[in-house]
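What follows is a set of notes on a single structure, which appears directly below.
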Number of protein chains: 2
Amino acid sequence: MVVRLADVAREAGVSPATASRVLNGSSRSPAEAIAEKVRGAAERLGYFPNAQAQALARSSAGLVGLIVHDIADPYFSSIAHGVQHGLKGSGLRVMLSSTDRDGETEMEAVRAFMSYRTEGIVLAGSRTVDGDEHLAAAVETYRKNGGRVVMIGQPLPGTLGLRVDNRGSAAELVRQLVALGHRRFVILSGDMNLVTVGDRHAGILEGLAEAGLEPLAVLPGIFTRDGGLEAMTEYLESAKGEVARGQVCVLAANDVMALGALTAVRRAGLRVPQDVAVAGFDDIATLEDMVPSVTTVRLPLDAMGEQAARMLLGEEGEEAIQVVEGEPVLRESTAFCL
Amino acid sequence: MVVRLADVAREAGVSPATASRVLNGSSRSPAEAIAEKVRGAAERLGYFPNAQAQALARSSAGLVGLIVHDIADPYFSSIAHGVQHGLKGSGLRVMLSSTDRDGETEMEAVRAFMSYRTEGIVLAGSRTVDGDEHLAAAVETYRKNGGRVVMIGQPLPGTLGLRVDNRGSAAELVRQLVALGHRRFVILSGDMNLVTVGDRHAGILEGLAEAGLEPLAVLPGIFTRDGGLEAMTEYLESAKGEVARGQVCVLAANDVMALGALTAVRRAGLRVPQDVAVAGFDDIATLEDMVPSVTTVRLPLDAMGEQAARMLLGEEGEEAIQVVEGEPVLRESTAFCL
DNA sequence: AGTAAGTGGGAATGCGCTTTCCAAGATATA
DNA sequence: TATATCTTGGAAAGCGCATTCCCACTTACT
């Protein structure tokens, strides 16, 4: 049914060894006349090398693993795009795992990638405050077995990765907002068990402290658009007075939460930014088409994915960890209104 | 360095055959006492099966391929999410290829998936009007070699798939807009070489024709947000008069183009929907947070991905092709203004 | 012409696992 | 007790390919 290398060799009247040398970039390549015969035979028979067999023989599978929390989230899909792009031309294929933020699923992905002998793993998605020992152990095992791991966000010790300066960037955002005149902040935090959330939170508090301020409220929630919508809706219900007293500036833990919050504000019949100013974090693509445009901290997501891929390929010098600074981008959604 | 099954077997004092039977869901399972010894040994040694070797021995790799035009595009990332979800529990892993709409890259992906002996391929992304013979041939070869192919959009003949009724849905959208009072339409078409674009275009014309209308203009462009932005900007430059004469309704070939168009309109200092109404197609997630909310045709993207996965698994009866109807969702961006 | 060095192709081995196929022991039936 | 029927674990043969040797043969040089 399926054409094997041996079939091609027979058809071309050569040995499997020769056929192999012709069809795969071997260091030794046979005479052109023979090579031509082999290629002709392969073409005629419709030969496709069996990647599993190659992987076994070469003990290298030509795969890399990509783990993200949610591929439908623009944050991760941009990174995924960058990774694909960065891998282009390397001959490596990517295995994707979208874990829906489930730790067990994430571990399972690492184990699977271990089994598939992927050359490396790009692991995007926040670490959690408490439950990472298992993941760390799995990653460690993976590395011991010869795989490279590039983490985006907060690299685990020993791994390569891009460390996003969530804390510093958040603090800087707050500084700029304070300079604009804002004083009354509400933090829309997301799941505090996520390290990313914690860091951004800490950065915000730091920025506020520098100005001698404290947040009016801290709203926990889920780290998604709907999470932002819910938490904000609830807040606006319970704190009508606060908002009536003057413009409030909501600092969301990421952009999708900010979008949810934005919608919540509008549904409550309030204006952005006059009544409630809103800022996000990440600078996902759709943000620039919003009206009012939304303040955020820009992260070069696509480039980060690409760089992660290059680190995996070992093309990035031996800088184990690179720090990514976010750049605050002040837009209309946080215009200060007396 | 790396632990093999044979090592586990030796450690447990059994044969490799027995170890294999214990550790992988074989039909024959040894006595519990022995099984326990084997599991213990595997655990102690940190054994991970080599998926390549298993694939070779079983001649089945436990992989499925997923090909999308651009994983960063919310249309595709939603589908990808659905596919992942639909595969959950099947033990299948997904190999991703984001092709950036390049036919050659797409072909390469099919070939790679052929080599990796994936059980099937989910192929999302529009066919092109002219250049599909190669793809069709590759897909045909793939199928002959025993793989299933599920196409989302316009299934090629012989493949399984979800056929999106682009034409009918577009016509229906137009009907509803006409009923609202709109008469002056501009079509923002995207690359007419894409079948999806052509179908939606045809549907729009059909809807217009029913009302005895013709489009004011047809703007070709690239099938992305920036494509929409550019084409619309250009149009607004060159057709100031047209817009001044009264509200124009722009029908974009998809949502991301519509978002670009929206921004173009605003940058030109015009109002949505009073001066220019805008409608998209797909109903990507961020649409609901836009102000004004954007009219579109809703496609159940996530569910489509999930269903595609199930079709690949053969869980969907033997209906080879299922038709997906889009549902027009009229929102503020197309409010009719005299 | 004779030897050394180089070339090019093939036989054979092994990558790590699954899966027949066997054999030996256990149990059952007459 | 002797024969038939299950069970169970192991030996061995692949799965499809890359690659190391090895050998036959050229070419270069003295």
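How things are named: the first chain in the structure tokens is A, the next is B, and so on; residues count from 1 in each chain; ligands count from 1 in the order shown.
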Quiz item: Taking the backbone alone, and naming residues the way the document does, which bits of region 91-283 of chain B are strand (DSSP E) by DSSP, as a PyMOL selection string?
Solution: chain B and resi 93-98+120-124+148-153+160-164+185-188+217-219+248-252+276-279
Exercise. Please identify every residue of chain D that has at least one atom no more than 10 Å from any atom of chain A, counting only C-alpha atoms (C1' of nucleotides), and report them as a count of residues only.
Key: 5
Quiz item: By how many Å are CA of Val110 (chain B) and CA of Ala138 (chain B) apart?
Solution: 6.8 Å
So that I can check the surroundings of His182 (chain A), please list as a CSV table (one decimal) with all heavy atoms, in the first residue's frame every protein, DNA and RNA residue that reaches within 8 Å of it, counting only C-alpha atoms (C1' of nucleotides) and ignoring chain neighbours fewer than 2 positions away.
chain,number,residue,atom,x,y,z
A,177,LEU,N,0.3,57.3,34.5
A,177,LEU,CA,-1.1,57.7,34.7
A,177,LEU,C,-1.2,58.7,35.8
A,177,LEU,O,-2.0,59.6,35.8
A,177,LEU,CB,-1.9,56.4,35.0
A,177,LEU,CG,-2.1,55.5,33.8
A,177,LEU,CD1,-2.7,54.1,34.3
A,177,LEU,CD2,-3.0,56.1,32.8
A,178,VAL,N,-0.4,58.5,36.8
A,178,VAL,CA,-0.4,59.4,38.0
A,178,VAL,C,0.0,60.8,37.5
A,178,VAL,O,-0.6,61.8,37.8
A,178,VAL,CB,0.5,59.0,39.1
A,178,VAL,CG1,0.7,60.1,40.1
A,178,VAL,CG2,-0.1,57.7,39.8
A,179,ALA,N,1.1,60.8,36.6
A,179,ALA,CA,1.5,62.1,36.1
A,179,ALA,C,0.4,62.8,35.3
A,179,ALA,O,0.4,64.0,35.2
A,179,ALA,CB,2.8,61.8,35.2
A,180,LEU,N,-0.4,62.0,34.7
A,180,LEU,CA,-1.5,62.5,33.9
A,180,LEU,C,-2.6,63.2,34.8
A,180,LEU,O,-3.4,64.0,34.4
A,180,LEU,CB,-2.2,61.4,33.2
A,180,LEU,CG,-2.7,61.6,31.8
A,180,LEU,CD1,-1.6,62.1,30.9
A,180,LEU,CD2,-3.2,60.3,31.2
A,184,ARG,N,-7.3,57.9,41.6
A,184,ARG,CA,-8.3,57.0,42.1
A,184,ARG,C,-8.3,55.7,41.3
A,184,ARG,O,-8.9,55.6,40.3
A,184,ARG,CB,-9.7,57.6,42.2
A,184,ARG,CG,-9.6,59.1,42.8
A,184,ARG,CD,-10.9,59.8,42.9
A,184,ARG,NE,-11.9,59.1,43.7
A,184,ARG,CZ,-13.1,58.7,43.4
A,184,ARG,NH1,-13.4,58.8,42.1
A,184,ARG,NH2,-13.8,58.1,44.2
A,185,PHE,N,-7.5,54.7,41.8
A,185,PHE,CA,-7.3,53.5,41.0
A,185,PHE,C,-8.1,52.3,41.5
A,185,PHE,O,-8.2,52.2,42.7
A,185,PHE,CB,-5.9,53.2,40.9
A,185,PHE,CG,-5.1,54.2,40.1
A,185,PHE,CD1,-4.5,55.2,40.8
A,185,PHE,CD2,-4.9,54.0,38.8
A,185,PHE,CE1,-3.7,56.2,40.0
A,185,PHE,CE2,-4.1,54.9,38.0
A,185,PHE,CZ,-3.6,56.0,38.7
A,248,VAL,N,-12.7,57.2,38.0
A,248,VAL,CA,-12.0,56.1,38.5
A,248,VAL,C,-11.1,55.5,37.4
A,248,VAL,O,-11.6,55.5,36.3
A,248,VAL,CB,-12.9,55.1,39.1
A,248,VAL,CG1,-12.2,53.7,39.3
A,248,VAL,CG2,-13.5,55.5,40.4
A,249,CYS,N,-9.9,55.1,37.7
A,249,CYS,CA,-9.1,54.4,36.7
A,249,CYS,C,-8.9,53.0,37.0
A,249,CYS,O,-8.3,52.6,38.0
A,249,CYS,CB,-7.8,55.1,36.6
A,249,CYS,SG,-6.7,54.5,35.3
A,336,PHE,N,-7.4,61.9,31.3
A,336,PHE,CA,-7.8,62.3,32.6
A,336,PHE,C,-8.9,63.4,32.5
A,336,PHE,O,-8.7,64.4,31.8
A,336,PHE,CB,-6.6,62.9,33.4
A,336,PHE,CG,-6.9,63.3,34.7
A,336,PHE,CD1,-7.3,62.4,35.7
A,336,PHE,CD2,-6.7,64.7,35.1
A,336,PHE,CE1,-7.6,62.9,37.0
A,336,PHE,CE2,-7.0,65.1,36.4
A,336,PHE,CZ,-7.5,64.2,37.3
Quiz prompt | Point-to-point distance in Å for CA of Met232 (chain B) and CA of Met290 (chain B) | solution = 18.5 Å
Practice problem: One decimal, Å: what's the distance from CA of Cys337 (chain B) over to CA of Asp275 (chain B), could you say? | Solution: 8.2 Å
With a cut-off of 10 Å and counting only C-alpha atoms (C1' of nucleotides), select all residues of chain C in contact with chain B and give the selection as an mmCIF file with N, CA and C atoms (P, O5', C5', C4', C3', O3' and C1' of nucleotides), in the first residue's frame.
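File selection.cif, as written:
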data_model
loop_
_atom_site.group_PDB
_atom_site.id
_atom_site.type_symbol
_atom_site.label_atom_id
_atom_site.label_comp_id
_atom_site.auth_asym_id
_atom_site.auth_seq_id
_atom_site.Cartn_x
_atom_site.Cartn_y
_atom_site.Cartn_z
ATOM 1 P P DC C 15 20.687 0.209 19.248
ATOM 2 O "O5'" DC C 15 19.719 1.454 19.171
ATOM 3 C "C5'" DC C 15 20.081 2.636 18.478
ATOM 4 C "C4'" DC C 15 18.810 3.307 17.997
ATOM 5 C "C3'" DC C 15 17.604 2.977 18.870
ATOM 6 O "O3'" DC C 15 17.441 4.021 19.825
ATOM 7 C "C1'" DC C 15 17.088 2.847 16.510
ATOM 8 P P DG C 16 17.441 3.630 21.395
ATOM 9 O "O5'" DG C 16 15.945 3.152 21.653
ATOM 10 C "C5'" DG C 16 14.891 4.060 21.434
ATOM 11 C "C4'" DG C 16 13.589 3.309 21.355
ATOM 12 C "C3'" DG C 16 13.290 2.408 22.557
ATOM 13 O "O3'" DG C 16 12.008 2.737 23.018
ATOM 14 C "C1'" DG C 16 12.963 1.234 20.532
ATOM 15 P P DC C 17 11.307 2.021 24.214
ATOM 16 O "O5'" DC C 17 10.177 1.195 23.455
ATOM 17 C "C5'" DC C 17 9.163 1.911 22.785
ATOM 18 C "C4'" DC C 17 8.513 1.046 21.734
ATOM 19 C "C3'" DC C 17 7.608 -0.050 22.271
ATOM 20 O "O3'" DC C 17 6.249 0.379 22.142
ATOM 21 C "C1'" DC C 17 8.953 -0.773 20.416
ATOM 22 P P DT C 18 5.108 -0.544 22.823
ATOM 23 O "O5'" DT C 18 4.722 -1.491 21.592
ATOM 24 C "C5'" DT C 18 4.179 -0.898 20.435
ATOM 25 C "C4'" DT C 18 3.849 -1.964 19.413
ATOM 26 C "C3'" DT C 18 2.794 -2.976 19.858
ATOM 27 O "O3'" DT C 18 1.975 -3.209 18.727
ATOM 28 C "C1'" DT C 18 4.760 -4.123 19.233
ATOM 29 P P DT C 19 0.532 -3.881 18.909
ATOM 30 O "O5'" DT C 19 0.785 -5.317 18.272
ATOM 31 C "C5'" DT C 19 1.600 -5.398 17.107
ATOM 32 C "C4'" DT C 19 1.968 -6.838 16.843
ATOM 33 C "C3'" DT C 19 0.977 -7.863 17.397
ATOM 34 O "O3'" DT C 19 0.788 -8.853 16.420
ATOM 35 C "C1'" DT C 19 3.146 -8.372 18.130
#
Quiz item: Please, which residues of chain B lie no more than 8 Å from chain A when the count uses only C-alpha atoms, and can they be set out as a VMD selection string?
Solution: chain B and resid 1 to 2 48 to 53 55 to 56 61 70 to 74 77 to 78 80 to 81 84 93 to 98 111 114 to 117 145 259 to 260 262 to 263 286 289 to 291
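Near Leu313 (chain B), within 12 Å and counting only C-alpha atoms (C1' of nucleotides), sit Gly62, Leu63, Val64, Val83, Gly86, Leu87, Lys88, Gly89, Ser90, Gly91, Leu92, Glu119, Gly120, Ile121, Val122, Gly147, Arg148, Val149, Val150, Leu160, Glu306, Gln307, Ala308 and Glu318 of chain B, not including residues fewer than 5 positions from it in the same chain.
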Write the selection just made, keeping N, CA and C atoms, as a PDB file, in the first residue's frame?
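For reference, again-v8.pdb as written:
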ATOM      1  N   GLY B  62      -0.568   8.532  16.226  1.00  0.00           N
ATOM      2  CA  GLY B  62      -1.278   9.288  17.253  1.00  0.00           C
ATOM      3  C   GLY B  62      -1.235  10.781  17.042  1.00  0.00           C
ATOM      4  N   LEU B  63      -1.161  11.181  15.797  1.00  0.00           N
ATOM      5  CA  LEU B  63      -1.076  12.608  15.487  1.00  0.00           C
ATOM      6  C   LEU B  63      -2.174  13.013  14.517  1.00  0.00           C
ATOM      7  N   VAL B  64      -2.596  14.252  14.635  1.00  0.00           N
ATOM      8  CA  VAL B  64      -3.417  14.812  13.565  1.00  0.00           C
ATOM      9  C   VAL B  64      -2.808  16.155  13.186  1.00  0.00           C
ATOM     10  N   VAL B  83     -10.719  22.581  17.713  1.00  0.00           N
ATOM     11  CA  VAL B  83     -10.123  21.309  17.301  1.00  0.00           C
ATOM     12  C   VAL B  83      -9.441  20.647  18.492  1.00  0.00           C
ATOM     13  N   GLY B  86     -11.993  19.289  20.762  1.00  0.00           N
ATOM     14  CA  GLY B  86     -12.670  18.107  20.225  1.00  0.00           C
ATOM     15  C   GLY B  86     -11.793  16.859  20.277  1.00  0.00           C
ATOM     16  N   LEU B  87     -10.499  17.067  20.335  1.00  0.00           N
ATOM     17  CA  LEU B  87      -9.572  15.947  20.332  1.00  0.00           C
ATOM     18  C   LEU B  87      -9.281  15.457  21.744  1.00  0.00           C
ATOM     19  N   LYS B  88      -9.667  16.279  22.700  1.00  0.00           N
ATOM     20  CA  LYS B  88      -9.377  15.963  24.098  1.00  0.00           C
ATOM     21  C   LYS B  88      -9.900  14.569  24.435  1.00  0.00           C
ATOM     22  N   GLY B  89      -9.068  13.787  25.036  1.00  0.00           N
ATOM     23  CA  GLY B  89      -9.502  12.462  25.446  1.00  0.00           C
ATOM     24  C   GLY B  89      -9.297  11.404  24.385  1.00  0.00           C
ATOM     25  N   SER B  90      -8.945  11.829  23.190  1.00  0.00           N
ATOM     26  CA  SER B  90      -8.748  10.846  22.125  1.00  0.00           C
ATOM     27  C   SER B  90      -7.320  10.309  22.136  1.00  0.00           C
ATOM     28  N   GLY B  91      -6.461  10.983  22.902  1.00  0.00           N
ATOM     29  CA  GLY B  91      -5.065  10.564  22.910  1.00  0.00           C
ATOM     30  C   GLY B  91      -4.297  11.038  21.699  1.00  0.00           C
ATOM     31  N   LEU B  92      -4.961  11.788  20.847  1.00  0.00           N
ATOM     32  CA  LEU B  92      -4.277  12.300  19.658  1.00  0.00           C
ATOM     33  C   LEU B  92      -3.645  13.656  19.945  1.00  0.00           C
ATOM     34  N   GLU B 119      -2.933  10.724  11.445  1.00  0.00           N
ATOM     35  CA  GLU B 119      -4.159   9.976  11.161  1.00  0.00           C
ATOM     36  C   GLU B 119      -5.074  10.767  10.241  1.00  0.00           C
ATOM     37  N   GLY B 120      -4.974  12.075  10.352  1.00  0.00           N
ATOM     38  CA  GLY B 120      -5.840  12.902   9.534  1.00  0.00           C
ATOM     39  C   GLY B 120      -5.377  14.341   9.565  1.00  0.00           C
ATOM     40  N   ILE B 121      -6.018  15.140   8.742  1.00  0.00           N
ATOM     41  CA  ILE B 121      -5.674  16.555   8.685  1.00  0.00           C
ATOM     42  C   ILE B 121      -6.950  17.383   8.745  1.00  0.00           C
ATOM     43  N   VAL B 122      -6.935  18.404   9.573  1.00  0.00           N
ATOM     44  CA  VAL B 122      -7.980  19.403   9.507  1.00  0.00           C
ATOM     45  C   VAL B 122      -7.403  20.583   8.744  1.00  0.00           C
ATOM     46  N   GLY B 147      -5.154   8.517   5.024  1.00  0.00           N
ATOM     47  CA  GLY B 147      -5.485   9.568   5.977  1.00  0.00           C
ATOM     48  C   GLY B 147      -6.854  10.177   5.704  1.00  0.00           C
ATOM     49  N   ARG B 148      -7.463  10.670   6.745  1.00  0.00           N
ATOM     50  CA  ARG B 148      -8.734  11.373   6.574  1.00  0.00           C
ATOM     51  C   ARG B 148      -8.448  12.857   6.473  1.00  0.00           C
ATOM     52  N   VAL B 149      -9.223  13.543   5.689  1.00  0.00           N
ATOM     53  CA  VAL B 149      -9.053  14.983   5.571  1.00  0.00           C
ATOM     54  C   VAL B 149     -10.391  15.661   5.839  1.00  0.00           C
ATOM     55  N   VAL B 150     -10.381  16.574   6.768  1.00  0.00           N
ATOM     56  CA  VAL B 150     -11.587  17.345   7.049  1.00  0.00           C
ATOM     57  C   VAL B 150     -11.300  18.792   6.700  1.00  0.00           C
ATOM     58  N   LEU B 160     -13.995  14.939   3.723  1.00  0.00           N
ATOM     59  CA  LEU B 160     -15.018  15.278   4.690  1.00  0.00           C
ATOM     60  C   LEU B 160     -14.948  16.775   4.901  1.00  0.00           C
ATOM     61  N   GLU B 306     -14.449  21.986  16.766  1.00  0.00           N
ATOM     62  CA  GLU B 306     -14.707  20.783  17.544  1.00  0.00           C
ATOM     63  C   GLU B 306     -15.355  19.706  16.680  1.00  0.00           C
ATOM     64  N   GLN B 307     -16.275  20.149  15.870  1.00  0.00           N
ATOM     65  CA  GLN B 307     -16.966  19.194  15.016  1.00  0.00           C
ATOM     66  C   GLN B 307     -16.011  18.592  13.987  1.00  0.00           C
ATOM     67  N   ALA B 308     -15.144  19.432  13.483  1.00  0.00           N
ATOM     68  CA  ALA B 308     -14.151  18.933  12.527  1.00  0.00           C
ATOM     69  C   ALA B 308     -13.321  17.834  13.174  1.00  0.00           C
ATOM     70  N   GLU B 318     -21.770   9.096   9.127  1.00  0.00           N
ATOM     71  CA  GLU B 318     -20.956   9.155   7.921  1.00  0.00           C
ATOM     72  C   GLU B 318     -21.398  10.261   6.978  1.00  0.00           C
TER      73      GLU B 318
END
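Within region 92-146 of chain B, DSSP applied to the backbone places the following residues in alpha helix (DSSP H): Gly103, Glu104, Thr105, Glu106, Met107, Glu108, Ala109, Val110, Arg111, Ala112, Phe113, Met114, Ser115, Glu133, His134, Leu135, Ala136, Ala137, Ala138, Val139, Glu140, Thr141, Tyr142, Arg143 and Lys144 of chain B.
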Self-check item: Close residues, region 10-12 of chain D itself excluded, 10 Å, only C-alpha atoms (C1' of nucleotides), min 4 positions apart in chain, as a ChimeraX atom specification
Solution: /B:14-18 /C:20-23
Could you give me, as an mmCIF file with N, CA and C atoms (P, O5', C5', C4', C3', O3' and C1' of nucleotides), in the first residue's frame, the residues within 12 Å of DC23 (chain D), counting only C-alpha atoms (C1' of nucleotides) and dropping anything in the same chain fewer than 6 positions from it?
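File written: selection.cif
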data_model
loop_
_atom_site.group_PDB
_atom_site.id
_atom_site.type_symbol
_atom_site.label_atom_id
_atom_site.label_comp_id
_atom_site.auth_asym_id
_atom_site.auth_seq_id
_atom_site.Cartn_x
_atom_site.Cartn_y
_atom_site.Cartn_z
ATOM 1 P P DT C 7 38.178 11.995 -2.899
ATOM 2 O "O5'" DT C 7 37.288 11.227 -3.961
ATOM 3 C "C5'" DT C 7 37.604 9.870 -4.235
ATOM 4 C "C4'" DT C 7 36.537 9.296 -5.149
ATOM 5 C "C3'" DT C 7 35.098 9.595 -4.729
ATOM 6 O "O3'" DT C 7 34.271 9.495 -5.851
ATOM 7 C "C1'" DT C 7 35.568 7.320 -4.364
ATOM 8 P P DG C 8 32.721 10.036 -5.782
ATOM 9 O "O5'" DG C 8 31.899 8.699 -5.982
ATOM 10 C "C5'" DG C 8 32.385 7.702 -6.877
ATOM 11 C "C4'" DG C 8 31.601 6.424 -6.638
ATOM 12 C "C3'" DG C 8 30.181 6.655 -6.121
ATOM 13 O "O3'" DG C 8 29.339 5.675 -6.681
ATOM 14 C "C1'" DG C 8 31.349 5.326 -4.595
ATOM 15 P P DG C 9 27.727 5.823 -6.597
ATOM 16 O "O5'" DG C 9 27.313 4.408 -6.036
ATOM 17 C "C5'" DG C 9 27.591 3.253 -6.827
ATOM 18 C "C4'" DG C 9 27.592 2.042 -5.920
ATOM 19 C "C3'" DG C 9 26.259 1.795 -5.203
ATOM 20 O "O3'" DG C 9 25.791 0.496 -5.562
ATOM 21 C "C1'" DG C 9 28.096 1.688 -3.686
ATOM 22 P P DG C 10 24.378 -0.023 -5.000
ATOM 23 O "O5'" DG C 10 24.875 -1.023 -3.871
ATOM 24 C "C5'" DG C 10 25.811 -2.039 -4.221
ATOM 25 C "C4'" DG C 10 26.094 -2.936 -3.034
ATOM 26 C "C3'" DG C 10 24.847 -3.413 -2.280
ATOM 27 O "O3'" DG C 10 25.088 -4.741 -1.835
ATOM 28 C "C1'" DG C 10 26.226 -2.192 -0.807
ATOM 29 P P DA C 11 23.868 -5.650 -1.341
ATOM 30 O "O5'" DA C 11 24.471 -6.236 0.007
ATOM 31 C "C5'" DA C 11 25.853 -6.576 0.081
ATOM 32 C "C4'" DA C 11 26.234 -6.883 1.521
ATOM 33 C "C3'" DA C 11 25.115 -7.541 2.344
ATOM 34 O "O3'" DA C 11 25.710 -8.453 3.263
ATOM 35 C "C1'" DA C 11 25.623 -5.409 3.257
#
Practice problem: Please identify all polymer residues within 8 Å of region 2-9 of chain D, counting only C-alpha atoms (C1' of nucleotides), omitting same-chain residues fewer than 2 positions from it, and present them as a ChimeraX atom specification. | Solution: /B:15,18,30 /C:26-29
Write the residues of the selection above to a file with all heavy atoms, as a short mmCIF file (atom, residue, chain, number, x, y, z; two decimals), in the first residue's frame.
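Written output follows (again_3.cif):
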data_model
loop_
_atom_site.label_atom_id
_atom_site.label_comp_id
_atom_site.auth_asym_id
_atom_site.auth_seq_id
_atom_site.Cartn_x
_atom_site.Cartn_y
_atom_site.Cartn_z
N SER B 15 10.55 -9.97 30.54
CA SER B 15 10.95 -9.74 29.15
C SER B 15 10.37 -8.43 28.66
O SER B 15 9.38 -7.94 29.19
CB SER B 15 10.43 -10.86 28.27
OG SER B 15 9.05 -10.67 28.06
N THR B 18 6.65 -8.51 27.96
CA THR B 18 5.79 -8.34 29.13
C THR B 18 5.72 -6.89 29.57
O THR B 18 4.65 -6.35 29.85
CB THR B 18 6.31 -9.20 30.29
OG1 THR B 18 6.35 -10.56 29.86
CG2 THR B 18 5.41 -9.08 31.50
N PRO B 30 -0.61 -9.04 31.79
CA PRO B 30 -0.01 -10.02 32.69
C PRO B 30 -0.63 -9.99 34.09
O PRO B 30 -1.40 -9.09 34.41
CB PRO B 30 1.45 -9.56 32.76
CG PRO B 30 1.66 -8.79 31.50
CD PRO B 30 0.36 -8.12 31.22
P DA C 26 2.73 -25.05 37.31
OP1 DA C 26 3.04 -24.31 38.55
OP2 DA C 26 2.94 -26.52 37.24
"O5'" DA C 26 1.22 -24.75 36.92
"C5'" DA C 26 0.83 -23.40 36.68
"C4'" DA C 26 -0.65 -23.36 36.34
"O4'" DA C 26 -0.82 -23.90 35.00
"C3'" DA C 26 -1.54 -24.19 37.27
"O3'" DA C 26 -2.71 -23.45 37.56
"C2'" DA C 26 -1.83 -25.45 36.47
"C1'" DA C 26 -1.84 -24.90 35.04
N9 DA C 26 -1.50 -25.86 34.00
C8 DA C 26 -0.42 -26.70 33.97
N7 DA C 26 -0.37 -27.46 32.89
C5 DA C 26 -1.50 -27.09 32.17
C6 DA C 26 -2.02 -27.53 30.95
N6 DA C 26 -1.44 -28.46 30.18
N1 DA C 26 -3.16 -26.97 30.52
C2 DA C 26 -3.74 -26.03 31.27
N3 DA C 26 -3.34 -25.53 32.44
C4 DA C 26 -2.20 -26.11 32.84
P DT C 27 -3.68 -23.90 38.71
OP1 DT C 27 -4.13 -22.68 39.42
OP2 DT C 27 -3.03 -25.00 39.45
"O5'" DT C 27 -4.91 -24.49 37.91
"C5'" DT C 27 -5.60 -23.66 36.98
"C4'" DT C 27 -6.47 -24.50 36.08
"O4'" DT C 27 -5.65 -25.34 35.24
"C3'" DT C 27 -7.43 -25.44 36.81
"O3'" DT C 27 -8.76 -25.01 36.58
"C2'" DT C 27 -7.14 -26.82 36.21
"C1'" DT C 27 -6.42 -26.46 34.91
N1 DT C 27 -5.51 -27.50 34.38
C2 DT C 27 -5.80 -28.06 33.16
O2 DT C 27 -6.76 -27.75 32.48
N3 DT C 27 -4.90 -29.02 32.74
C4 DT C 27 -3.77 -29.46 33.42
O4 DT C 27 -3.04 -30.33 32.95
C5 DT C 27 -3.54 -28.83 34.70
C7 DT C 27 -2.34 -29.23 35.50
C6 DT C 27 -4.41 -27.88 35.12
P DA C 28 -9.99 -25.86 37.17
OP1 DA C 28 -11.08 -24.91 37.46
OP2 DA C 28 -9.52 -26.80 38.20
"O5'" DA C 28 -10.39 -26.69 35.87
"C5'" DA C 28 -10.56 -26.01 34.62
"C4'" DA C 28 -10.91 -27.01 33.54
"O4'" DA C 28 -9.75 -27.83 33.23
"C3'" DA C 28 -12.03 -27.98 33.90
"O3'" DA C 28 -12.86 -28.16 32.76
"C2'" DA C 28 -11.30 -29.27 34.25
"C1'" DA C 28 -10.12 -29.20 33.29
N9 DA C 28 -8.93 -29.95 33.71
C8 DA C 28 -8.27 -29.84 34.90
N7 DA C 28 -7.22 -30.63 34.99
C5 DA C 28 -7.19 -31.29 33.77
C6 DA C 28 -6.32 -32.26 33.22
N6 DA C 28 -5.27 -32.75 33.88
N1 DA C 28 -6.58 -32.70 31.97
C2 DA C 28 -7.64 -32.21 31.31
N3 DA C 28 -8.52 -31.30 31.72
C4 DA C 28 -8.24 -30.87 32.96
P DT C 29 -14.39 -28.69 32.97
OP1 DT C 29 -15.30 -27.79 32.24
OP2 DT C 29 -14.59 -28.96 34.41
"O5'" DT C 29 -14.34 -30.07 32.20
"C5'" DT C 29 -13.92 -30.10 30.83
"C4'" DT C 29 -13.59 -31.51 30.42
"O4'" DT C 29 -12.33 -31.91 31.00
"C3'" DT C 29 -14.62 -32.55 30.86
"O3'" DT C 29 -15.19 -33.20 29.73
"C2'" DT C 29 -13.84 -33.52 31.75
"C1'" DT C 29 -12.40 -33.29 31.27
N1 DT C 29 -11.34 -33.60 32.27
C2 DT C 29 -10.31 -34.44 31.90
O2 DT C 29 -10.21 -34.94 30.82
N3 DT C 29 -9.38 -34.65 32.89
C4 DT C 29 -9.39 -34.13 34.18
O4 DT C 29 -8.50 -34.41 34.97
C5 DT C 29 -10.50 -33.27 34.48
C7 DT C 29 -10.59 -32.66 35.85
C6 DT C 29 -11.43 -33.04 33.53
#
